[in-house]
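K.L.:
Provided below: work-v4.tsv, containing TSV, C-alpha atoms.
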chain	number	residue	atom	x	y	z
A	1	MET	CA	19.31	-5.92	-23.63
A	2	SER	CA	16.29	-4.62	-25.53
A	3	LYS	CA	14.21	-1.92	-23.82
A	4	ILE	CA	10.40	-2.02	-23.81
A	5	TYR	CA	8.23	1.01	-23.00
A	6	VAL	CA	4.77	0.12	-21.66
A	7	ILE	CA	1.79	2.48	-22.03
A	8	GLU	CA	-1.03	0.79	-20.05
A	9	ASP	CA	-3.37	2.61	-17.66
A	10	ASP	CA	-4.71	-0.46	-15.81
A	11	GLU	CA	-2.27	-0.67	-12.89
A	12	GLY	CA	-2.77	-4.39	-12.28
A	13	ILE	CA	-2.14	-5.28	-15.91
A	14	ARG	CA	0.79	-2.84	-16.10
A	15	VAL	CA	2.53	-4.27	-13.03
A	16	GLU	CA	2.16	-7.88	-14.20
A	17	LEU	CA	3.26	-6.96	-17.71
A	18	VAL	CA	6.41	-5.26	-16.41
A	19	ARG	CA	7.23	-8.23	-14.17
A	20	MET	CA	6.71	-10.72	-16.97
A	21	LEU	CA	8.91	-8.79	-19.40
A	22	GLU	CA	11.66	-8.35	-16.81
A	23	ARG	CA	11.58	-12.10	-16.15
A	24	GLU	CA	12.17	-12.57	-19.87
A	25	GLY	CA	15.29	-10.42	-19.59
A	26	PHE	CA	14.04	-7.16	-21.09
A	27	GLU	CA	14.65	-3.72	-19.64
A	28	VAL	CA	11.23	-2.18	-19.00
A	29	GLU	CA	9.94	1.33	-18.36
A	30	ALA	CA	6.25	2.19	-17.89
A	31	CYS	CA	4.28	5.37	-18.49
A	32	GLU	CA	2.38	6.93	-15.59
A	33	ASP	CA	1.48	10.33	-17.09
A	34	PHE	CA	-0.80	9.50	-20.01
A	35	SER	CA	-1.31	13.13	-21.02
A	36	ARG	CA	2.36	13.03	-22.11
A	37	ALA	CA	2.50	9.39	-23.19
A	38	ALA	CA	4.04	9.95	-26.62
A	39	GLU	CA	6.53	12.50	-25.31
A	40	LEU	CA	7.65	10.22	-22.48
A	41	ALA	CA	7.87	7.19	-24.74
A	42	LEU	CA	10.14	9.04	-27.16
A	43	ALA	CA	12.28	10.38	-24.31
A	44	ALA	CA	12.80	6.85	-22.99
A	45	ALA	CA	14.34	5.82	-26.36
A	46	PRO	CA	13.00	2.25	-26.22
A	47	ASP	CA	13.50	-0.52	-28.76
A	48	LEU	CA	9.75	-1.23	-28.77
A	49	VAL	CA	6.53	0.29	-27.39
A	50	LEU	CA	3.56	-1.67	-26.02
A	51	LEU	CA	0.50	0.56	-26.30
A	52	ASP	CA	-3.02	0.24	-24.94
A	53	LEU	CA	-5.73	2.03	-26.91
A	54	THR	CA	-8.03	3.02	-24.04
A	55	LEU	CA	-6.17	5.64	-22.02
A	56	PRO	CA	-7.37	8.34	-19.59
A	57	GLY	CA	-7.54	11.80	-21.12
A	58	THR	CA	-6.31	10.68	-24.53
A	59	ASP	CA	-6.58	7.87	-27.05
A	60	GLY	CA	-4.00	5.24	-27.87
A	61	GLN	CA	-4.43	5.77	-31.59
A	62	LEU	CA	-3.53	9.45	-31.17
A	63	VAL	CA	-0.49	8.45	-29.10
A	64	CYS	CA	0.51	5.98	-31.82
A	65	ARG	CA	0.28	8.70	-34.48
A	66	GLU	CA	2.39	11.10	-32.37
A	67	ILE	CA	5.06	8.46	-31.78
A	68	ARG	CA	5.17	7.50	-35.44
A	69	ALA	CA	5.46	11.13	-36.53
A	70	ALA	CA	8.75	11.42	-34.66
A	71	SER	CA	10.18	7.89	-34.59
A	72	SER	CA	10.25	4.55	-36.39
A	73	VAL	CA	10.32	2.61	-33.09
A	74	PRO	CA	8.21	-0.57	-33.38
A	75	VAL	CA	4.76	-0.27	-31.74
A	76	ILE	CA	2.56	-3.18	-30.65
A	77	VAL	CA	-1.03	-2.26	-29.83
A	78	LEU	CA	-2.16	-4.33	-26.84
A	79	THR	CA	-5.87	-3.80	-26.19
A	80	SER	CA	-9.33	-5.15	-25.46
A	81	ARG	CA	-10.68	-3.02	-28.32
A	82	VAL	CA	-10.55	-5.77	-30.89
A	83	THR	CA	-12.91	-4.66	-33.65
A	84	GLU	CA	-11.69	-4.80	-37.21
A	85	ALA	CA	-11.96	-0.99	-37.37
A	86	ASP	CA	-9.68	-0.56	-34.35
A	87	GLU	CA	-7.07	-2.85	-35.88
A	88	VAL	CA	-7.24	-1.19	-39.30
A	89	VAL	CA	-7.02	2.34	-37.86
A	90	SER	CA	-4.14	1.38	-35.55
A	91	MET	CA	-2.14	-0.13	-38.40
A	92	THR	CA	-2.94	2.84	-40.63
A	93	LEU	CA	-1.63	5.22	-37.97
A	94	GLY	CA	1.66	3.36	-37.79
A	95	ALA	CA	1.31	0.41	-35.40
A	96	ASP	CA	3.42	-2.59	-36.40
A	97	ASP	CA	1.39	-5.30	-34.68
A	98	PHE	CA	-1.94	-5.78	-32.88
A	99	VAL	CA	-2.33	-8.20	-29.93
A	100	PRO	CA	-5.80	-8.56	-28.34
A	101	LYS	CA	-6.46	-8.91	-24.61
A	102	PRO	CA	-6.55	-11.22	-22.83
A	103	TYR	CA	-3.18	-12.30	-24.16
A	104	SER	CA	-0.91	-15.25	-23.54
A	105	PRO	CA	2.45	-14.08	-22.10
A	106	ARG	CA	4.30	-16.55	-24.34
A	107	VAL	CA	2.46	-15.35	-27.43
A	108	LEU	CA	3.10	-11.71	-26.56
A	109	VAL	CA	6.83	-12.34	-26.03
A	110	ALA	CA	6.93	-14.17	-29.38
A	111	HIS	CA	5.36	-11.12	-31.07
A	112	ILE	CA	7.88	-8.82	-29.36
A	113	GLN	CA	10.86	-10.95	-30.36
A	114	ALA	CA	9.66	-11.28	-33.95
A	115	LEU	CA	9.13	-7.53	-34.28
A	116	LEU	CA	12.51	-6.74	-32.72
A	117	ARG	CA	14.16	-9.12	-35.18
A	118	ARG	CA	12.42	-7.44	-38.10
A	119	ALA	CA	13.51	-4.06	-36.74
A	120	GLY	CA	17.11	-5.25	-36.59
A	121	GLN	CA	17.31	-5.25	-32.79
A	122	ALA	CA	18.88	-7.96	-30.64
A	123	ALA	CA	15.79	-9.68	-29.30
A	124	THR	CA	17.63	-12.07	-27.07
A	125	PRO	CA	18.34	-10.79	-23.57
A	126	ALA	CA	21.89	-10.09	-22.52
A	127	SER	CA	23.64	-13.16	-21.10
A	128	THR	CA	25.45	-11.17	-18.39
A	129	ILE	CA	24.46	-8.47	-15.90
A	130	GLU	CA	27.01	-6.29	-14.07
A	131	ARG	CA	26.39	-4.30	-10.91
A	132	GLY	CA	29.22	-3.04	-8.76
A	133	ALA	CA	31.93	-5.67	-8.49
A	134	VAL	CA	29.60	-8.56	-9.36
A	135	THR	CA	29.01	-10.08	-12.80
A	136	LEU	CA	26.12	-12.54	-13.17
A	137	ASP	CA	26.42	-14.94	-16.11
A	138	LEU	CA	22.86	-16.10	-16.88
A	139	SER	CA	23.93	-18.64	-19.49
A	140	ARG	CA	26.30	-20.42	-17.09
A	141	SER	CA	24.35	-19.76	-13.86
A	142	CYS	CA	27.35	-18.35	-12.04
A	143	ALA	CA	28.49	-15.14	-10.36
A	144	ALA	CA	31.98	-13.69	-10.58
A	145	ALA	CA	33.96	-11.05	-8.65
A	146	ASN	CA	37.58	-10.41	-7.71
A	147	GLY	CA	38.77	-12.91	-10.28
A	148	LYS	CA	36.76	-15.74	-8.69
A	149	THR	CA	33.62	-17.55	-9.88
A	150	VAL	CA	30.93	-19.42	-7.98
A	151	GLU	CA	28.16	-21.58	-9.41
A	152	LEU	CA	24.60	-20.70	-8.35
A	153	THR	CA	21.48	-22.79	-7.98
A	154	LYS	CA	18.45	-21.96	-10.13
A	155	ASN	CA	16.77	-20.10	-7.25
A	156	GLU	CA	19.94	-18.21	-6.30
A	157	MET	CA	20.38	-17.10	-9.91
A	158	ARG	CA	16.75	-15.94	-10.20
A	159	ILE	CA	16.95	-13.92	-6.98
A	160	LEU	CA	20.25	-12.29	-7.88
A	161	GLY	CA	19.17	-11.68	-11.47
A	162	LEU	CA	15.99	-9.86	-10.46
A	163	LEU	CA	17.78	-7.76	-7.84
A	164	MET	CA	20.55	-6.79	-10.27
A	165	ARG	CA	18.15	-5.96	-13.12
A	166	ARG	CA	16.10	-3.68	-10.87
A	167	SER	CA	19.04	-2.09	-9.06
A	168	PRO	CA	19.10	0.34	-7.31
A	169	ALA	CA	15.38	-0.18	-6.57
A	170	ILE	CA	14.19	-2.25	-3.61
A	171	VAL	CA	12.50	-5.49	-4.69
A	172	SER	CA	9.70	-6.69	-2.41
A	173	ARG	CA	9.68	-10.19	-0.95
A	174	GLU	CA	6.43	-10.80	-2.85
A	175	ASP	CA	8.11	-9.99	-6.18
A	176	LEU	CA	11.02	-12.26	-5.36
A	177	MET	CA	8.70	-15.12	-4.49
A	178	ARG	CA	6.82	-14.63	-7.75
A	179	GLU	CA	10.15	-14.76	-9.55
A	180	LEU	CA	10.96	-18.08	-7.88
A	181	TRP	CA	7.62	-19.78	-8.30
A	182	ASP	CA	5.67	-17.55	-10.73
A	183	SER	CA	2.58	-17.98	-8.58
A	184	ASP	CA	1.19	-16.62	-5.32
A	185	ALA	CA	0.06	-20.16	-4.50
A	186	PHE	CA	3.56	-21.19	-3.40
A	187	VAL	CA	4.48	-18.31	-1.12
A	188	ASP	CA	6.85	-19.38	1.62
A	189	ASP	CA	8.70	-16.63	3.50
A	190	ASN	CA	11.06	-19.04	5.22
A	191	THR	CA	12.19	-20.64	1.94
A	192	LEU	CA	12.95	-17.22	0.46
A	193	THR	CA	14.99	-16.26	3.54
A	194	VAL	CA	16.97	-19.52	3.29
A	195	ASN	CA	17.73	-18.89	-0.40
A	196	VAL	CA	18.83	-15.29	0.26
A	197	ASN	CA	21.14	-16.44	3.08
A	198	ARG	CA	22.64	-19.12	0.84
A	199	LEU	CA	23.17	-16.53	-1.89
A	200	ARG	CA	24.98	-14.26	0.58
A	201	ALA	CA	27.23	-17.18	1.49
A	202	GLN	CA	27.95	-17.88	-2.16
A	203	LEU	CA	28.89	-14.26	-2.81
A	204	ALA	CA	31.16	-14.30	0.23
A	205	ARG	CA	33.08	-17.16	-1.45
A	206	VAL	CA	34.11	-14.72	-4.21
A	207	GLY	CA	35.02	-12.01	-1.72
A	208	VAL	CA	31.79	-9.97	-1.88
A	209	GLU	CA	30.28	-8.91	1.43
A	210	GLY	CA	27.28	-6.63	1.97
A	211	PHE	CA	26.17	-6.76	-1.69
A	212	LEU	CA	22.66	-7.95	-0.74
A	213	VAL	CA	20.92	-5.36	1.40
A	214	THR	CA	17.88	-6.16	3.57
A	215	HIS	CA	15.29	-3.41	3.93
A	216	ARG	CA	13.04	-4.32	6.85
A	217	GLY	CA	9.39	-4.43	5.89
A	218	GLN	CA	10.23	-3.64	2.25
A	219	GLY	CA	12.44	-6.28	0.67
A	220	TYR	CA	15.97	-6.46	-0.73
A	221	SER	CA	18.30	-4.57	-3.01
A	222	VAL	CA	21.89	-4.82	-4.23
A	223	ARG	CA	24.63	-2.23	-3.89
A	224	ALA	CA	25.55	-0.65	-7.22
Any chance you could give the structure as C-alpha cells?

P.N.:
Amino acid sequence: MSKIYVIEDDEGIRVELVRMLEREGFEVEACEDFSRAAELALAAAPDLVLLDLTLPGTDGQLVCREIRAASSVPVIVLTSRVTEADEVVSMTLGADDFVPKPYSPRVLVAHIQALLRRAGQAATPASTIERGAVTLDLSRSCAAANGKTVELTKNEMRILGLLMRRSPAIVSREDLMRELWDSDAFVDDNTLTVNVNRLRAQLARVGVEGFLVTHRGQGYSVRA
C-alpha cells in the first residue's frame, strides 16, 4: 500500500483529500505543523508528497526545496497559485508534477499513480487488509478468520475496509456514510445501522465476536 503525505493548510480541503485518497486504498498522513512541514514529511517516509504552495508561516516552494535536498520522494504541487512562474519555480526546486486547484479527484489520482509508477512504487492498493484475526480480501469482497471465509456485500466491504484502514482510530458515522454513498445528500442513519448489524452477523459466522466496537456519539472502530 503506497503512503501519501499531505501538506495542505486548508482544513476542509485537507480532510476531503485524505478521505478521497483513503477510499482509493492509499495510506495517508497529513501535516498539521507547517513550520516543520519538510521535517515531518521526511520523518513519515511516504512514497509521495502532495504539497500546497500557500502555507502559514512558510512557503511551499521552500518546503519543496528542503524535501528535495534530503530525499528523492516524488512531490506533486497542488495549488491555486497557477501562474507560469509558480510552475516553473516549483519544478526547478524539485517538484515532479504540478496540479492546479480546483482539481478533479480522478485526475489527481491518475497523476499520483503515474508518478508512483515512474518512481518504481506499487501504485495499486493492497488487495488485502489484516487487523487482529480478520483478513479482508478487497478483490474477492470477503472476510476470513479462524480458517473460515464469508462473502460480504458491497456496503459491508466498504464499511469494514474503512474501519480496518483507519484502525485503531474511531471512524464517525458521517465518514462511514460518505464512504457508502460518497455524498451528504444520501445520509440515512438507520441504513448505516442496519449494514453495521449485518456486518457483525457476517463476522460472527467466521467466529469473530466483538470486532466492531460502537462508540456512542462518536462512531465505530475495530479491535486490532

K.L.:
Here's a test: counting all atoms listed in the file, identify every protein, DNA and RNA residue with an atom at most 6 Å from (-0.7, -8.5, -20.6) in the file's coordinate frame, and state them as a list in words.

P.N.:
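Output of the proximity query reads Ile13, Leu17 and Tyr103 of chain A.
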
K.L.:
Kindly indicate which residue among A:Ala110, A:Val206, A:Asp96, A:Ile129 lies nearest to Asn146 of chain A, using all atoms listed in the file for the distances.

P.N.:
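Using all atoms listed in the file, Asn146 of chain A sits closest to A:Val206.
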
K.L.:
Would you compute the distance between atom CA of Asp97 of chain A and atom CA of Leu51 of chain A? Give it in Å to one decimal.

P.N.:
10.3 Å

K.L.:
Which residue is closest to Ala38 of chain A? Choose from A:Arg173, A:Arg14, A:Arg65, A:Arg19 and count only C-alpha atoms.

P.N.:
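Ranking A:Arg173, A:Arg14, A:Arg65, A:Arg19 by distance to Ala38 of chain A, first place goes to A:Arg65.
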
K.L.:
Rank A:Asp10, A:Glu209, A:Asp47, A:Glu156 by their smallest atom-to-atom distance to Thr193 of chain A, using all atoms listed in the file, and report the top residue only.

P.N.:
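Using all atoms listed in the file, Thr193 of chain A sits closest to A:Glu156.
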
K.L.:
Out of A:Ser35, A:Ser127, A:Gln202, A:Ser221, which residue has the shortest atom-to-atom distance to Ala143 of chain A when counting only C-alpha atoms?

P.N.:
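Selected residue with least distance to Ala143 of chain A: A:Gln202.
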
K.L.:
In Å, with one decimal, what is the gap from atom CA of Ala43 of chain A to atom CA of Ser72 of chain A?

P.N.:
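Separation between atom CA of Ala43 of chain A and atom CA of Ser72 of chain A: 13.6 Å.
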
K.L.:
Can you pull out every residue within 12 Å of Gly207 of chain A, counting only C-alpha atoms, but drop anything in the same chain fewer than 2 positions away, and send it as a ChimeraX atom specification?

P.N.:
/A:133-134,143-150,200-205,209-211

K.L.:
Where does segment 64-106 of chain A meet segment 20-32 of chain A within 12 Å, residue by residue, with the nearest atom pair and distance in Å to one decimal for each, counting only C-alpha atoms, listed by chain and rising number, as a Markdown table?

P.N.:
| residue | atom | partner | partner_atom | distance |
| --- | --- | --- | --- | --- |
| A:Ser104 | CA | A:Met20 | CA | 11.0 |
| A:Pro105 | CA | A:Met20 | CA | 7.5 |
| A:Arg106 | CA | A:Met20 | CA | 9.7 |

K.L.:
Put those residues in a file: C-alpha atoms, as an mmCIF file, in the coordinates of the input.

P.N.:
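Saved file selection-v6.cif follows:
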data_model
loop_
_atom_site.group_PDB
_atom_site.id
_atom_site.type_symbol
_atom_site.label_atom_id
_atom_site.label_comp_id
_atom_site.auth_asym_id
_atom_site.auth_seq_id
_atom_site.Cartn_x
_atom_site.Cartn_y
_atom_site.Cartn_z
ATOM 1 C CA SER A 104 -0.910 -15.250 -23.540
ATOM 2 C CA PRO A 105 2.450 -14.080 -22.100
ATOM 3 C CA ARG A 106 4.300 -16.550 -24.340
#

K.L.:
Here is a test: counting only C-alpha atoms, which residue of A:Glu8, A:Asp189, A:Glu130, A:Asp137 is nearest to Ala41 of chain A?

P.N.:
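For Ala41 of chain A, the nearest of the candidates is A:Glu8.
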
K.L.:
Using all atoms listed in the file, which of A:Ile4, A:Ala45, A:Val99, A:Leu62 sits nearest Leu78 of chain A?

P.N.:
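Of the candidates, the smallest distance to Leu78 of chain A is held by A:Val99.
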
K.L.:
For Gly57 of chain A, please output as a tab-separated table (two decimals) with C-alpha atoms, in the frame of the given file all residues within 8 Å (counting all atoms listed in the file; exclusion window: fewer than 2 positions along the same chain).

P.N.:
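Listed below is the output, around-v8.tsv:
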chain	number	residue	atom	x	y	z
A	34	PHE	CA	-0.80	9.50	-20.01
A	35	SER	CA	-1.31	13.13	-21.02
A	55	LEU	CA	-6.17	5.64	-22.02
A	59	ASP	CA	-6.58	7.87	-27.05

K.L.:
Work out how far apart atom CA of Leu53 of chain A and atom CA of Thr79 of chain A are and give it in Å to one decimal.

P.N.:
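If I compute the distance from atom CA of Leu53 of chain A to atom CA of Thr79 of chain A, I get 5.9 Å.
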
K.L.:
Starting from the point (17.3, -4.6, -3.5), work out which residues of protein, DNA or RNA have an atom no more than 10 Å away when counting all atoms listed in the file; state them as a list in words.

P.N.:
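Using all atoms listed in the file, the matching residues come out as Ile159, Leu160, Leu162, Leu163, Met164, Arg165, Arg166, Ser167, Pro168, Ala169, Ile170, Val171, Ser172, Arg173, Phe211, Leu212, Val213, Thr214, His215, Gln218, Gly219, Tyr220, Ser221, Val222, Arg223 and Ala224 of chain A.
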
K.L.:
Box along x, y and z, 4 Å on every side, all listed atoms of segment 153-170 of chain A inside: centre and edge lengths in Å to one decimal, as AutoDock Vina command-line options.

P.N.:
--center_x 17.8 --center_y -11.2 --center_z -8.4 --size_x 15.3 --size_y 31.1 --size_z 17.5
